[in-house]
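Q: model-v4.cif is reproduced in full below (mmCIF, C-alpha atoms).
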```cif
data_entry
loop_
_atom_site.label_atom_id
_atom_site.label_comp_id
_atom_site.auth_asym_id
_atom_site.auth_seq_id
_atom_site.Cartn_x
_atom_site.Cartn_y
_atom_site.Cartn_z
CA MET A 1 -39.94 -75.00 38.85
CA SER A 2 -38.47 -75.57 42.29
CA SER A 3 -40.43 -77.69 44.72
CA PRO A 4 -41.38 -75.82 47.89
CA ALA A 5 -39.35 -76.65 50.96
CA PRO A 6 -41.33 -78.67 53.51
CA SER A 7 -42.40 -76.95 56.68
CA THR A 8 -40.00 -77.39 59.60
CA ALA A 9 -42.07 -75.46 62.16
CA SER A 10 -42.07 -78.33 64.64
CA ALA A 11 -38.41 -79.24 64.10
CA PRO A 12 -35.72 -78.12 66.54
CA ALA A 13 -34.47 -74.72 65.42
CA LEU A 14 -30.82 -73.96 64.86
CA PRO A 15 -29.52 -71.95 67.83
CA ARG A 16 -28.28 -69.13 65.58
CA SER A 17 -28.75 -68.01 62.03
CA HIS A 18 -27.73 -70.36 59.26
CA GLU A 19 -25.60 -67.57 57.78
CA SER A 20 -23.59 -67.36 61.01
CA ILE A 21 -23.11 -71.14 61.05
CA ARG A 22 -21.82 -71.03 57.47
CA ALA A 23 -19.49 -68.22 58.51
CA ASP A 24 -17.76 -70.69 60.85
CA PHE A 25 -16.41 -72.55 57.79
CA PRO A 26 -13.79 -70.50 55.91
CA ILE A 27 -13.59 -72.87 52.93
CA LEU A 28 -17.25 -72.34 52.05
CA HIS A 29 -16.48 -68.80 50.93
CA ARG A 30 -14.06 -69.75 48.15
CA GLU A 31 -14.86 -70.23 44.47
CA VAL A 32 -14.25 -73.24 42.25
CA LYS A 33 -13.65 -72.54 38.56
CA GLY A 34 -15.24 -69.12 38.93
CA LYS A 35 -18.36 -70.44 40.65
CA PRO A 36 -19.40 -70.35 44.32
CA LEU A 37 -18.45 -73.61 46.01
CA SER A 38 -21.40 -75.91 46.69
CA TYR A 39 -19.83 -78.65 48.79
CA LEU A 40 -22.06 -81.74 48.69
CA ASP A 41 -19.43 -84.40 49.44
CA ASN A 42 -19.94 -84.56 53.18
CA GLY A 43 -20.26 -88.34 53.18
CA ALA A 44 -16.55 -88.44 52.34
CA THR A 45 -15.50 -85.72 54.77
CA VAL A 46 -17.10 -82.60 56.22
CA GLN A 47 -15.54 -79.17 56.30
CA LYS A 48 -14.07 -77.85 59.55
CA PRO A 49 -15.27 -74.91 61.63
CA VAL A 50 -12.68 -72.28 62.42
CA ALA A 51 -12.68 -73.32 66.09
CA VAL A 52 -11.36 -76.76 65.12
CA ILE A 53 -8.76 -75.29 62.75
CA GLU A 54 -7.59 -72.94 65.49
CA ALA A 55 -7.41 -75.80 68.01
CA VAL A 56 -4.86 -77.64 65.86
CA ASP A 57 -2.85 -74.44 65.36
CA ARG A 58 -3.01 -73.56 69.07
CA TYR A 59 -1.77 -76.99 70.14
CA TYR A 60 1.39 -76.72 68.02
CA ARG A 61 1.96 -73.05 68.88
CA GLU A 62 1.44 -73.31 72.65
CA HIS A 63 1.31 -76.88 73.99
CA ASN A 64 3.32 -79.21 71.73
CA ALA A 65 4.83 -82.04 73.80
CA ASN A 66 4.39 -85.76 74.20
CA VAL A 67 1.73 -87.03 76.56
CA HIS A 68 1.70 -89.09 79.75
CA ARG A 69 5.43 -89.46 80.29
CA GLY A 70 6.76 -85.93 80.71
CA ILE A 71 7.00 -84.29 84.12
CA HIS A 72 7.01 -80.74 82.84
CA THR A 73 4.41 -78.10 82.07
CA LEU A 74 4.04 -78.63 78.33
CA SER A 75 3.65 -82.38 78.69
CA GLU A 76 1.07 -81.94 81.43
CA GLU A 77 -0.85 -79.49 79.23
CA ALA A 78 -0.73 -81.85 76.26
CA THR A 79 -1.87 -84.75 78.44
CA ASN A 80 -4.76 -82.70 79.81
CA LEU A 81 -5.87 -81.79 76.29
CA TYR A 82 -5.61 -85.39 75.09
CA GLU A 83 -7.37 -87.00 78.04
CA GLY A 84 -9.82 -84.14 78.25
CA ALA A 85 -10.88 -84.88 74.70
CA ARG A 86 -11.40 -88.52 75.64
CA LYS A 87 -13.75 -87.45 78.43
CA LEU A 88 -15.67 -85.16 76.08
CA VAL A 89 -16.13 -87.96 73.57
CA ALA A 90 -17.10 -90.44 76.28
CA ASN A 91 -19.70 -88.09 77.74
CA HIS A 92 -21.05 -87.38 74.26
CA ILE A 93 -21.70 -91.07 73.51
CA GLY A 94 -22.74 -92.21 76.97
CA ALA A 95 -19.65 -94.24 77.79
CA SER A 96 -16.82 -94.38 80.30
CA PRO A 97 -13.51 -92.76 79.23
CA ARG A 98 -11.89 -96.16 79.73
CA GLU A 99 -14.12 -97.52 76.98
CA VAL A 100 -12.98 -94.92 74.41
CA ILE A 101 -9.94 -95.78 72.30
CA PHE A 102 -8.43 -93.22 69.94
CA THR A 103 -7.39 -94.66 66.58
CA ARG A 104 -6.39 -93.18 63.19
CA ASN A 105 -9.96 -93.47 61.87
CA VAL A 106 -12.93 -95.83 62.07
CA THR A 107 -11.19 -98.22 59.65
CA SER A 108 -8.35 -98.59 62.12
CA GLY A 109 -10.83 -99.19 64.93
CA ILE A 110 -12.63 -101.97 63.07
CA ASN A 111 -9.28 -103.56 62.23
CA LEU A 112 -8.37 -103.43 65.92
CA VAL A 113 -11.52 -105.32 66.87
CA ALA A 114 -11.33 -107.80 63.99
CA GLN A 115 -7.72 -108.70 64.71
CA SER A 116 -7.61 -108.51 68.50
CA TRP A 117 -11.04 -109.91 69.34
CA GLY A 118 -11.30 -112.05 66.22
CA GLN A 119 -7.95 -113.76 66.57
CA ALA A 120 -8.90 -114.98 70.04
CA ASN A 121 -12.55 -115.82 69.42
CA LEU A 122 -12.96 -117.03 65.84
CA GLY A 123 -12.10 -120.44 64.44
CA PRO A 124 -12.83 -122.76 61.51
CA GLY A 125 -16.47 -122.70 60.49
CA ASP A 126 -17.45 -119.74 62.70
CA ARG A 127 -19.69 -117.25 60.93
CA ILE A 128 -19.07 -113.50 60.58
CA LEU A 129 -22.35 -111.83 59.62
CA LEU A 130 -22.22 -108.70 57.46
CA THR A 131 -24.72 -106.81 55.30
CA GLU A 132 -24.75 -105.97 51.61
CA MET A 133 -24.67 -102.26 52.41
CA GLU A 134 -21.32 -102.28 54.22
CA HIS A 135 -18.40 -100.00 53.42
CA HIS A 136 -15.19 -101.85 52.61
CA SER A 137 -13.91 -100.74 56.02
CA ASN A 138 -16.42 -103.13 57.57
CA ILE A 139 -15.81 -105.94 55.08
CA VAL A 140 -12.10 -106.22 54.39
CA PRO A 141 -10.92 -106.51 58.04
CA TRP A 142 -13.39 -109.37 58.59
CA TYR A 143 -12.32 -111.04 55.34
CA MET A 144 -8.69 -110.86 56.50
CA ILE A 145 -9.37 -112.40 59.91
CA ALA A 146 -11.58 -115.06 58.28
CA GLN A 147 -8.66 -116.00 56.05
CA ARG A 148 -6.42 -116.37 59.10
CA THR A 149 -8.82 -118.24 61.37
CA GLY A 150 -10.90 -120.33 58.99
CA ALA A 151 -14.07 -118.40 59.81
CA GLU A 152 -16.63 -117.73 57.06
CA LEU A 153 -18.40 -114.56 55.92
CA ASP A 154 -22.19 -114.63 55.85
CA TRP A 155 -24.45 -111.91 54.43
CA VAL A 156 -27.77 -110.17 55.00
CA GLY A 157 -29.25 -108.79 51.79
CA ILE A 158 -31.25 -105.64 51.10
CA ASP A 159 -34.62 -105.15 49.44
CA GLU A 160 -35.30 -103.11 46.30
CA GLU A 161 -35.51 -99.87 48.29
CA GLY A 162 -32.29 -100.36 50.22
CA ARG A 163 -33.59 -101.70 53.53
CA LEU A 164 -32.20 -104.74 55.31
CA ARG A 165 -34.07 -107.95 54.56
CA MET A 166 -35.25 -108.90 58.03
CA ASP A 167 -36.27 -112.37 56.88
CA GLU A 168 -32.67 -112.99 55.76
CA PHE A 169 -31.39 -111.52 59.03
CA GLU A 170 -33.50 -113.88 61.11
CA ALA A 171 -32.42 -116.83 58.97
CA ALA A 172 -28.78 -115.81 59.38
CA LEU A 173 -29.14 -115.63 63.16
CA GLU A 174 -30.38 -119.22 63.14
CA ARG A 175 -26.97 -120.14 61.67
CA GLU A 176 -25.48 -118.86 64.98
CA PRO A 177 -22.95 -116.22 63.87
CA LYS A 178 -20.17 -115.37 66.27
CA VAL A 179 -20.21 -111.69 65.27
CA PHE A 180 -22.60 -109.33 63.51
CA ALA A 181 -20.88 -106.24 62.08
CA PHE A 182 -23.09 -103.65 60.39
CA THR A 183 -23.47 -100.00 59.55
CA HIS A 184 -25.67 -97.57 61.44
CA VAL A 185 -26.24 -95.46 58.30
CA SER A 186 -25.33 -96.58 54.78
CA ASN A 187 -22.76 -94.33 53.12
CA VAL A 188 -24.43 -94.98 49.75
CA LEU A 189 -28.15 -95.46 50.38
CA GLY A 190 -28.59 -93.21 53.39
CA THR A 191 -30.55 -96.08 54.98
CA THR A 192 -30.83 -95.76 58.76
CA ASN A 193 -30.73 -99.13 60.47
CA ALA A 194 -32.64 -99.81 63.69
CA VAL A 195 -29.45 -100.49 65.62
CA LYS A 196 -30.98 -101.10 69.05
CA ASP A 197 -33.33 -103.77 67.70
CA LEU A 198 -30.65 -105.39 65.54
CA VAL A 199 -28.21 -105.52 68.45
CA ALA A 200 -30.82 -107.04 70.78
CA ARG A 201 -31.69 -109.77 68.29
CA ALA A 202 -28.04 -110.53 67.55
CA ARG A 203 -27.17 -110.68 71.24
CA ALA A 204 -30.07 -113.06 71.90
CA ALA A 205 -28.57 -115.31 69.22
CA GLY A 206 -25.17 -115.19 70.95
CA ALA A 207 -23.39 -112.86 68.53
CA MET A 208 -20.94 -110.10 69.39
CA THR A 209 -21.93 -106.83 67.67
CA LEU A 210 -19.90 -104.07 66.06
CA ILE A 211 -21.45 -100.97 64.49
CA ASP A 212 -19.82 -98.70 61.92
CA GLY A 213 -21.13 -95.30 62.95
CA ALA A 214 -19.07 -93.13 60.62
CA GLN A 215 -22.12 -91.63 58.88
CA ALA A 216 -24.38 -91.62 61.94
CA ALA A 217 -22.28 -89.97 64.65
CA PRO A 218 -22.34 -86.45 63.14
CA LYS A 219 -26.15 -86.56 62.87
CA MET A 220 -27.55 -88.60 65.76
CA GLU A 221 -27.62 -88.66 69.53
CA LEU A 222 -25.69 -91.74 70.65
CA ASP A 223 -25.90 -93.60 73.93
CA MET A 224 -23.79 -96.73 74.09
CA GLY A 225 -25.72 -98.12 77.04
CA GLU A 226 -29.02 -97.71 75.21
CA ILE A 227 -27.77 -99.09 71.88
CA GLY A 228 -26.17 -102.03 73.65
CA ALA A 229 -23.51 -102.83 71.03
CA ASP A 230 -20.22 -104.40 72.06
CA PHE A 231 -18.24 -102.05 69.80
CA TYR A 232 -19.13 -98.81 68.03
CA GLY A 233 -16.78 -96.79 65.84
CA PHE A 234 -16.75 -93.40 64.15
CA THR A 235 -14.23 -91.07 62.60
CA GLY A 236 -13.23 -87.52 63.48
CA HIS A 237 -13.11 -85.98 60.02
CA LYS A 238 -16.81 -86.73 59.40
CA PHE A 239 -17.64 -85.24 62.82
CA TYR A 240 -16.45 -81.70 61.95
CA GLY A 241 -13.07 -82.65 63.43
CA PRO A 242 -9.63 -83.21 61.89
CA THR A 243 -8.37 -86.11 59.84
CA GLY A 244 -6.08 -88.66 61.47
CA ILE A 245 -8.24 -89.56 64.45
CA GLY A 246 -11.10 -91.97 65.03
CA VAL A 247 -12.92 -93.50 67.98
CA ILE A 248 -13.72 -97.10 68.79
CA TYR A 249 -15.92 -97.67 71.80
CA GLY A 250 -15.75 -101.09 73.40
CA ARG A 251 -17.44 -102.60 76.42
CA ARG A 252 -14.81 -102.54 79.12
CA GLU A 253 -15.05 -106.21 80.04
CA LEU A 254 -14.33 -107.15 76.44
CA LEU A 255 -11.45 -104.69 76.17
CA GLU A 256 -9.94 -106.09 79.35
CA GLU A 257 -10.02 -109.61 77.89
CA MET A 258 -8.55 -108.69 74.51
CA GLU A 259 -4.88 -108.78 73.61
CA PRO A 260 -3.26 -105.59 72.26
CA PHE A 261 -3.53 -104.87 68.56
CA GLU A 262 -0.10 -103.22 68.30
CA GLY A 263 2.98 -103.27 70.50
CA GLY A 264 5.35 -100.47 71.49
CA GLY A 265 5.59 -97.61 73.89
CA SER A 266 2.74 -96.42 76.10
CA MET A 267 0.73 -99.66 75.89
CA ILE A 268 2.83 -101.51 78.45
CA SER A 269 2.93 -101.65 82.23
CA LYS A 270 6.33 -103.30 82.59
CA VAL A 271 8.93 -104.66 80.20
CA SER A 272 11.74 -107.05 81.13
CA LYS A 273 13.82 -109.44 79.08
CA ASP A 274 11.60 -112.28 80.20
CA GLN A 275 8.10 -110.85 80.48
CA ILE A 276 5.95 -107.94 79.33
CA THR A 277 2.71 -106.85 80.98
CA TRP A 278 0.16 -104.61 79.36
CA ALA A 279 -1.13 -101.25 80.49
CA SER A 280 -4.75 -100.96 81.52
CA VAL A 281 -7.40 -99.94 79.00
CA PRO A 282 -7.56 -97.80 76.97
CA ALA A 283 -3.76 -97.31 76.95
CA LYS A 284 -3.32 -101.01 76.08
CA PHE A 285 -4.63 -100.24 72.60
CA GLU A 286 -2.84 -96.92 71.98
CA ALA A 287 0.76 -97.85 71.19
CA GLY A 288 3.26 -95.08 70.51
CA THR A 289 2.75 -91.35 70.34
CA PRO A 290 -0.97 -90.79 69.79
CA PRO A 291 -2.71 -88.15 67.62
CA ILE A 292 -2.53 -85.46 70.28
CA ALA A 293 -3.33 -82.36 68.23
CA GLU A 294 -6.08 -84.24 66.45
CA ALA A 295 -7.62 -85.39 69.74
CA ALA A 296 -7.57 -81.86 71.13
CA ALA A 297 -9.30 -80.61 67.98
CA LEU A 298 -11.82 -83.46 68.08
CA GLY A 299 -12.76 -82.35 71.59
CA VAL A 300 -13.40 -78.87 70.22
CA ALA A 301 -15.48 -80.40 67.43
CA VAL A 302 -17.61 -82.22 70.01
CA ASP A 303 -18.22 -78.92 71.79
CA TRP A 304 -19.05 -77.21 68.48
CA VAL A 305 -21.57 -79.91 67.54
CA LYS A 306 -23.14 -79.67 71.01
CA SER A 307 -23.42 -75.90 70.65
CA ILE A 308 -25.53 -76.39 67.51
CA GLY A 309 -27.36 -79.45 68.84
CA LEU A 310 -27.61 -82.82 67.15
CA ASP A 311 -31.40 -82.59 67.03
CA ALA A 312 -31.17 -79.28 65.20
CA ILE A 313 -28.47 -80.62 62.85
CA ALA A 314 -30.60 -83.66 62.06
CA ALA A 315 -33.70 -81.54 61.48
CA HIS A 316 -31.86 -79.20 59.12
CA GLU A 317 -30.40 -82.08 57.13
CA LYS A 318 -33.83 -83.74 57.01
CA GLN A 319 -35.29 -80.58 55.48
CA LEU A 320 -32.49 -80.48 52.91
CA THR A 321 -33.23 -84.10 51.99
CA GLU A 322 -36.97 -83.46 51.72
CA TYR A 323 -36.23 -80.59 49.36
CA ALA A 324 -33.61 -82.40 47.27
CA ILE A 325 -35.28 -85.74 46.54
CA PRO A 326 -38.39 -84.40 44.73
CA ARG A 327 -36.23 -82.03 42.70
CA LEU A 328 -33.89 -84.82 41.67
CA LEU A 329 -36.77 -87.05 40.67
CA GLU A 330 -37.93 -84.35 38.23
CA ILE A 331 -34.83 -85.01 36.10
CA PRO A 332 -35.57 -87.39 33.21
CA GLY A 333 -33.70 -90.68 33.35
CA LEU A 334 -32.59 -90.25 36.98
CA LYS A 335 -32.83 -93.29 39.27
CA LEU A 336 -32.60 -92.80 43.01
CA PHE A 337 -31.17 -95.47 45.32
CA GLY A 338 -32.24 -96.04 48.90
CA PRO A 339 -35.49 -95.68 50.84
CA PRO A 340 -37.91 -93.19 49.25
CA GLU A 341 -39.21 -91.99 52.61
CA THR A 342 -36.99 -89.44 54.33
CA ALA A 343 -37.99 -90.84 57.73
CA GLU A 344 -35.97 -93.95 56.89
CA ARG A 345 -32.84 -92.27 55.58
CA GLU A 346 -30.25 -89.62 56.28
CA ALA A 347 -29.01 -86.81 54.01
CA ILE A 348 -27.03 -89.10 51.69
CA ILE A 349 -28.51 -89.33 48.21
CA SER A 350 -27.07 -91.62 45.54
CA PHE A 351 -28.40 -91.66 42.01
CA ASP A 352 -27.74 -92.68 38.42
CA ILE A 353 -28.66 -90.87 35.20
CA GLU A 354 -29.24 -93.14 32.26
CA GLY A 355 -26.73 -92.50 29.51
CA VAL A 356 -24.17 -90.61 31.61
CA HIS A 357 -21.38 -92.21 33.65
CA PRO A 358 -21.15 -90.92 37.24
CA HIS A 359 -17.55 -89.80 36.69
CA ASP A 360 -18.68 -87.62 33.79
CA ILE A 361 -21.50 -86.21 35.90
CA SER A 362 -19.06 -85.32 38.68
CA GLU A 363 -16.68 -83.62 36.25
CA ILE A 364 -19.46 -81.52 34.72
CA LEU A 365 -20.82 -80.62 38.16
CA ASP A 366 -17.37 -79.44 39.16
CA ARG A 367 -17.51 -76.90 36.32
CA HIS A 368 -20.50 -75.44 38.17
CA GLY A 369 -18.65 -75.40 41.50
CA VAL A 370 -20.70 -78.36 42.79
CA ALA A 371 -18.64 -81.01 44.61
CA VAL A 372 -20.14 -84.50 44.76
CA ARG A 373 -18.71 -88.02 44.95
CA ALA A 374 -18.77 -90.45 42.03
CA GLY A 375 -17.69 -94.08 42.05
CA HIS A 376 -18.34 -97.25 43.99
CA HIS A 377 -17.98 -95.44 47.33
CA CYS A 378 -15.90 -98.29 48.79
CA ALA A 379 -19.00 -100.48 48.61
CA GLN A 380 -18.49 -102.78 45.64
CA PRO A 381 -20.72 -105.62 46.92
CA LEU A 382 -23.51 -103.06 47.21
CA MET A 383 -22.88 -101.76 43.68
CA LYS A 384 -23.20 -105.33 42.39
CA ARG A 385 -26.48 -105.72 44.26
CA LEU A 386 -27.77 -102.45 42.76
CA GLY A 387 -26.69 -103.56 39.29
CA VAL A 388 -24.50 -100.52 38.58
CA PRO A 389 -20.72 -100.01 38.45
CA ALA A 390 -20.95 -96.69 40.30
CA THR A 391 -23.31 -93.95 41.43
CA THR A 392 -23.22 -90.21 41.91
CA ARG A 393 -23.68 -89.21 45.55
CA ALA A 394 -24.73 -85.88 47.01
CA SER A 395 -24.40 -85.76 50.79
CA TYR A 396 -25.34 -82.90 53.07
CA ALA A 397 -24.18 -81.27 56.30
CA VAL A 398 -25.56 -78.60 58.60
CA TYR A 399 -24.02 -75.76 56.58
CA ASN A 400 -25.66 -76.72 53.28
CA THR A 401 -28.60 -74.85 51.73
CA ASN A 402 -31.50 -75.47 49.37
CA GLU A 403 -29.84 -73.05 46.96
CA GLU A 404 -26.95 -75.49 46.66
CA THR A 405 -29.42 -78.19 45.66
CA ASP A 406 -30.76 -75.79 43.02
CA ARG A 407 -27.21 -75.45 41.63
CA LEU A 408 -26.89 -79.24 41.66
CA ILE A 409 -30.12 -79.60 39.66
CA GLU A 410 -29.05 -76.94 37.16
CA ALA A 411 -25.70 -78.68 36.69
CA LEU A 412 -27.36 -82.08 36.19
CA HIS A 413 -29.54 -80.62 33.44
CA ASP A 414 -26.36 -79.26 31.86
CA ALA A 415 -24.82 -82.76 31.98
CA ARG A 416 -27.84 -84.17 30.16
CA ARG A 417 -27.62 -81.40 27.57
CA ILE A 418 -23.91 -82.06 26.97
CA PHE A 419 -24.63 -85.74 26.37
CA GLY A 420 -27.52 -84.97 24.07
CA LEU A 421 -30.21 -86.38 26.35
#
```
Just give me the structure as C-alpha cells.
A:
Amino acid sequence: MSSPAPSTASAPALPRSHESIRADFPILHREVKGKPLSYLDNGATVQKPVAVIEAVDRYYREHNANVHRGIHTLSEEATNLYEGARKLVANHIGASPREVIFTRNVTSGINLVAQSWGQANLGPGDRILLTEMEHHSNIVPWYMIAQRTGAELDWVGIDEEGRLRMDEFEAALEREPKVFAFTHVSNVLGTTNAVKDLVARARAAGAMTLIDGAQAAPKMELDMGEIGADFYGFTGHKFYGPTGIGVIYGRRELLEEMEPFEGGGSMISKVSKDQITWASVPAKFEAGTPPIAEAAALGVAVDWVKSIGLDAIAAHEKQLTEYAIPRLLEIPGLKLFGPPETAEREAIISFDIEGVHPHDISEILDRHGVAVRAGHHCAQPLMKRLGVPATTRASYAVYNTNEETDRLIEALHDARRIFGL
C-alpha cells in the first residue's frame, strides 16, 4: 500500500498547476518501450522547458553572429544576449557580472581555478582538503595540480549516514590546508552541507574555498556574499538550461590576481611581438568564441526558474523525497544511502538491493519506462567508503510526481521477482 504524501500546507505553493509546469517539457510526453516516461535521472541532467529550447533556436535563426568584436547589428544583438545572460546569472546568485565566468560546465570551471589559482599558490607540502563525497570533477583537477606542484590531497570523511565528520574537518583545518574544495549537495547521498559555516571555519584557518554547486543551484537560493566562498561553480544543463555552458563565480580580487587559464582571442588587451597584456575580468578567462547560444538560453532558464520560484521548487522536491523514501524502505533487501531525515538532504536518493546489481536494476526499470542512473556516479572514493561498487540513483526535479515514484516501486518489485528474490 502506498504511503500517504506528507502535508505541504505550509510550503510555498507552485505558482501554477503542476500539470501546466509539466506541459513546459515536451520530452515528458513521450513513451519509452511502450510505457509513459518517468524521468528520474535529474542528478545527471534535467529536461529543458520549451522556452529554453526556443531560445537556442531563436538565436541561430535571428541573431547568429560573434560577440564583442563586430560593429554591425547581428553582432550587437548577440553581444547583448550574451552579456545580458551574464547579468541575469549574476543577479540570481548575488554577485557582480565581472565575477561571473562562463565555462563549458562546472568541471571546466573547477579546472580553471585549480590550474590558474593553484599553479600560482600551491607548492610542495601544501594541503588540498577534499571530502569523501566529492564528484570526480572536484577531485581529479586537484589531483592533477597536486602532481604538478608537489601539493598533497587531504580528506574529510563521512559518518555512517552520509554526513561530514566535523571532528575530522576540525582536525584537517589544524593541518593548515591552502584550499578546501567541497560539494554543496552530494550527487550520490543528497547530503546538504552547511556551506556558510564550513566556509567561515575554513577561512579562519587560512584556506581558500571552492564549492561545487552543480546539484544545489537548481534547488536553492544562492547569495555569494552571504555564503562567503572564494569560488562557486554550477552547470547549465542541471539548471534547466542547455548543455555546453557552466558558471564559475570568483571573488573579483582573486580573479584579478590570477593568470589566464587559456590563451587566444578575446582574452587579451594588446598583443605585440614582444608583449601581451590580458583583458580585464571576466574576459581574461573566456578565450575564443564563447557559448553564445547556450548563454542566451541559460538566461532564459534563469528567468524560467525565477517564474516558478526556488522556494516552491525546493518544497515540491522535498515532498517528493518525503513520499519516496518510506516507499523505498518497504522493499525487502533495499539499503538507502545518505541522511535518513529529509531536512538534511535534497531529492537525490541512492540505494542498493541485495542480490541485484544496479546495472540490472536500471535495465529492468527501463522496461517500465523509468529512467534512473546506475553506477559509481563519478564518485569512486565515495563508493569505496560505502562498501559498494555502484548504486542505483533516483533523482527528482520540479516536474516529477508521486505517481512516478509508484512506477519506480512497481518496477523494483519486478526486478526482485526476475531475480527470484
Q: Find the distance between CA of Gly263 (chain A) and CA of Asn80 (chain A) and write it in Å to one decimal.
A: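 Distance between the two atoms: 23.9 Å.
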Q: Run the PyMOL selection byres ((chain A and resi 134-145) around 9) against the file shown and list the residues it catches, as an MDAnalysis selection string.
A: chainID A and resid 106:108 110:115 118:119 122 128 130:133 146:153 181:183 186:188 211:212 377:382
Q: With C-alpha atoms retained, could you export that selection as a CSV table (one decimal), in the frame of the given file?
A:
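To be explicit, this is the file written out as part_23.csv:
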```csv
chain,number,residue,atom,x,y,z
A,106,VAL,CA,-12.9,-95.8,62.1
A,107,THR,CA,-11.2,-98.2,59.6
A,108,SER,CA,-8.4,-98.6,62.1
A,110,ILE,CA,-12.6,-102.0,63.1
A,111,ASN,CA,-9.3,-103.6,62.2
A,112,LEU,CA,-8.4,-103.4,65.9
A,113,VAL,CA,-11.5,-105.3,66.9
A,114,ALA,CA,-11.3,-107.8,64.0
A,115,GLN,CA,-7.7,-108.7,64.7
A,118,GLY,CA,-11.3,-112.0,66.2
A,119,GLN,CA,-8.0,-113.8,66.6
A,122,LEU,CA,-13.0,-117.0,65.8
A,128,ILE,CA,-19.1,-113.5,60.6
A,130,LEU,CA,-22.2,-108.7,57.5
A,131,THR,CA,-24.7,-106.8,55.3
A,132,GLU,CA,-24.8,-106.0,51.6
A,133,MET,CA,-24.7,-102.3,52.4
A,146,ALA,CA,-11.6,-115.1,58.3
A,147,GLN,CA,-8.7,-116.0,56.0
A,148,ARG,CA,-6.4,-116.4,59.1
A,149,THR,CA,-8.8,-118.2,61.4
A,150,GLY,CA,-10.9,-120.3,59.0
A,151,ALA,CA,-14.1,-118.4,59.8
A,152,GLU,CA,-16.6,-117.7,57.1
A,153,LEU,CA,-18.4,-114.6,55.9
A,181,ALA,CA,-20.9,-106.2,62.1
A,182,PHE,CA,-23.1,-103.6,60.4
A,183,THR,CA,-23.5,-100.0,59.6
A,186,SER,CA,-25.3,-96.6,54.8
A,187,ASN,CA,-22.8,-94.3,53.1
A,188,VAL,CA,-24.4,-95.0,49.8
A,211,ILE,CA,-21.4,-101.0,64.5
A,212,ASP,CA,-19.8,-98.7,61.9
A,377,HIS,CA,-18.0,-95.4,47.3
A,378,CYS,CA,-15.9,-98.3,48.8
A,379,ALA,CA,-19.0,-100.5,48.6
A,380,GLN,CA,-18.5,-102.8,45.6
A,381,PRO,CA,-20.7,-105.6,46.9
A,382,LEU,CA,-23.5,-103.1,47.2
```
Q: Could you name the residues that touch Ala90 (chain A) at 10 Å or less, counting all atoms listed in the file, but leaving out those on the same chain fewer than 4 positions away, as a ChimeraX atom specification?
A: /A:84-86,94-101,223-224,247,249
Q: With distances taken over only C-alpha atoms, which residue among A:Leu129, A:Leu40, A:Leu334, A:Leu320 lies nearest Gly157 (chain A)?
A: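 Among A:Leu129, A:Leu40, A:Leu334, A:Leu320, it is A:Leu129 that comes nearest to Gly157 (chain A).
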Q: Given the file above and the PyMOL selection byres ((chain A and resi 389-391) around 6), which residues are selected, and can you give them as a ChimeraX atom specification?
A: /A:351-352,358,374-376,383,388,392
Q: Applying 10 Å and all atoms listed in the file, which residues near Thr277 (chain A) remain after dropping the ones on its own chain fewer than 6 positions away? List them as a list in words.
A: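 Within the cut-off, the hits are Met267, Ile268, Ser269, Lys270, Val271 and Lys284 of chain A.
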Q: Can you write out the residues you just picked, keeping C-alpha atoms, as an mmCIF file, in the frame of the given file?
A:
```cif
data_model
loop_
_atom_site.group_PDB
_atom_site.id
_atom_site.type_symbol
_atom_site.label_atom_id
_atom_site.label_comp_id
_atom_site.auth_asym_id
_atom_site.auth_seq_id
_atom_site.Cartn_x
_atom_site.Cartn_y
_atom_site.Cartn_z
ATOM 1 C CA MET A 267 0.730 -99.660 75.890
ATOM 2 C CA ILE A 268 2.830 -101.510 78.450
ATOM 3 C CA SER A 269 2.930 -101.650 82.230
ATOM 4 C CA LYS A 270 6.330 -103.300 82.590
ATOM 5 C CA VAL A 271 8.930 -104.660 80.200
ATOM 6 C CA LYS A 284 -3.320 -101.010 76.080
#
```
Q: Which polymer residues have any atom within 9 Å of an atom of Met258 (chain A), counting all atoms listed in the file, with same-chain residues fewer than 6 positions away left out, as a PyMOL selection string?
A: chain A and resi 113+116-117+120
Q: Tell me which of A:Glu346, A:Glu341, A:Asp197, A:Glu226 sits closest to Pro326 (chain A), counting all atoms listed in the file.
A: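 Ranked by minimum distance to Pro326 (chain A), first place goes to A:Glu341.
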Q: Taking all atoms listed in the file into account, name the residue in A:Asp167, A:Glu221, A:Glu253, A:Glu77 that is nearest to Ala314 (chain A).
A: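 Nearest to Ala314 (chain A): A:Glu221.
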Q: Which residue gives the smallest distance to Tyr60 (chain A) among A:His368, A:Ala293, A:Leu173, A:Leu328, with all atoms listed in the file counted?
A: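 Among the listed residues, the smallest separation from Tyr60 (chain A) belongs to A:Ala293.
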Q: Expand the PyMOL selection byres ((chain A and resi 231-246) around 7) into the explicit residue set it covers here, and present it as a PyMOL selection string.
A: chain A and resi 45-49+52+102-106+109+209-214+217-218+229-230+247-251+291+294-295+297-298+301
Q: Given the point (-31.2, -95.9, 30.4) in the coordinates of this file, which residues lie within 9 Å, counting only C-alpha atoms, and how would they look as a PDB file with C-alpha atoms, in the frame of the given file?
A:
```pdb
ATOM      1  CA  GLY A 333     -33.700 -90.680  33.350  1.00  0.00           C
ATOM      2  CA  LEU A 334     -32.590 -90.250  36.980  1.00  0.00           C
ATOM      3  CA  ILE A 353     -28.660 -90.870  35.200  1.00  0.00           C
ATOM      4  CA  GLU A 354     -29.240 -93.140  32.260  1.00  0.00           C
ATOM      5  CA  GLY A 355     -26.730 -92.500  29.510  1.00  0.00           C
ATOM      6  CA  VAL A 356     -24.170 -90.610  31.610  1.00  0.00           C
TER       7      VAL A 356
END
```
Q: List the spatial neighbours of Leu310 (chain A) as a list in words - criterion: any atom at most 7 Å away, all atoms listed in the file, same-chain residues fewer than 2 positions off excluded.
A: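 Using all atoms listed in the file, the neighbours found are Lys219, Met220, Glu221, Val305, Lys306, Ile308, Ala312, Ile313 and Ala314 of chain A.
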Q: Could you please determine the separation between CA of Glu403 (chain A) and CA of Val302 (chain A) in Å, to one decimal place?
A: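 A separation of 27.7 Å between them.
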Q: A:Ala315, A:Glu404, A:Pro12, A:Glu83: which is nearest Ala296 (chain A), counting only C-alpha atoms?
A: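 For Ala296 (chain A), the nearest of the candidates is A:Glu83.
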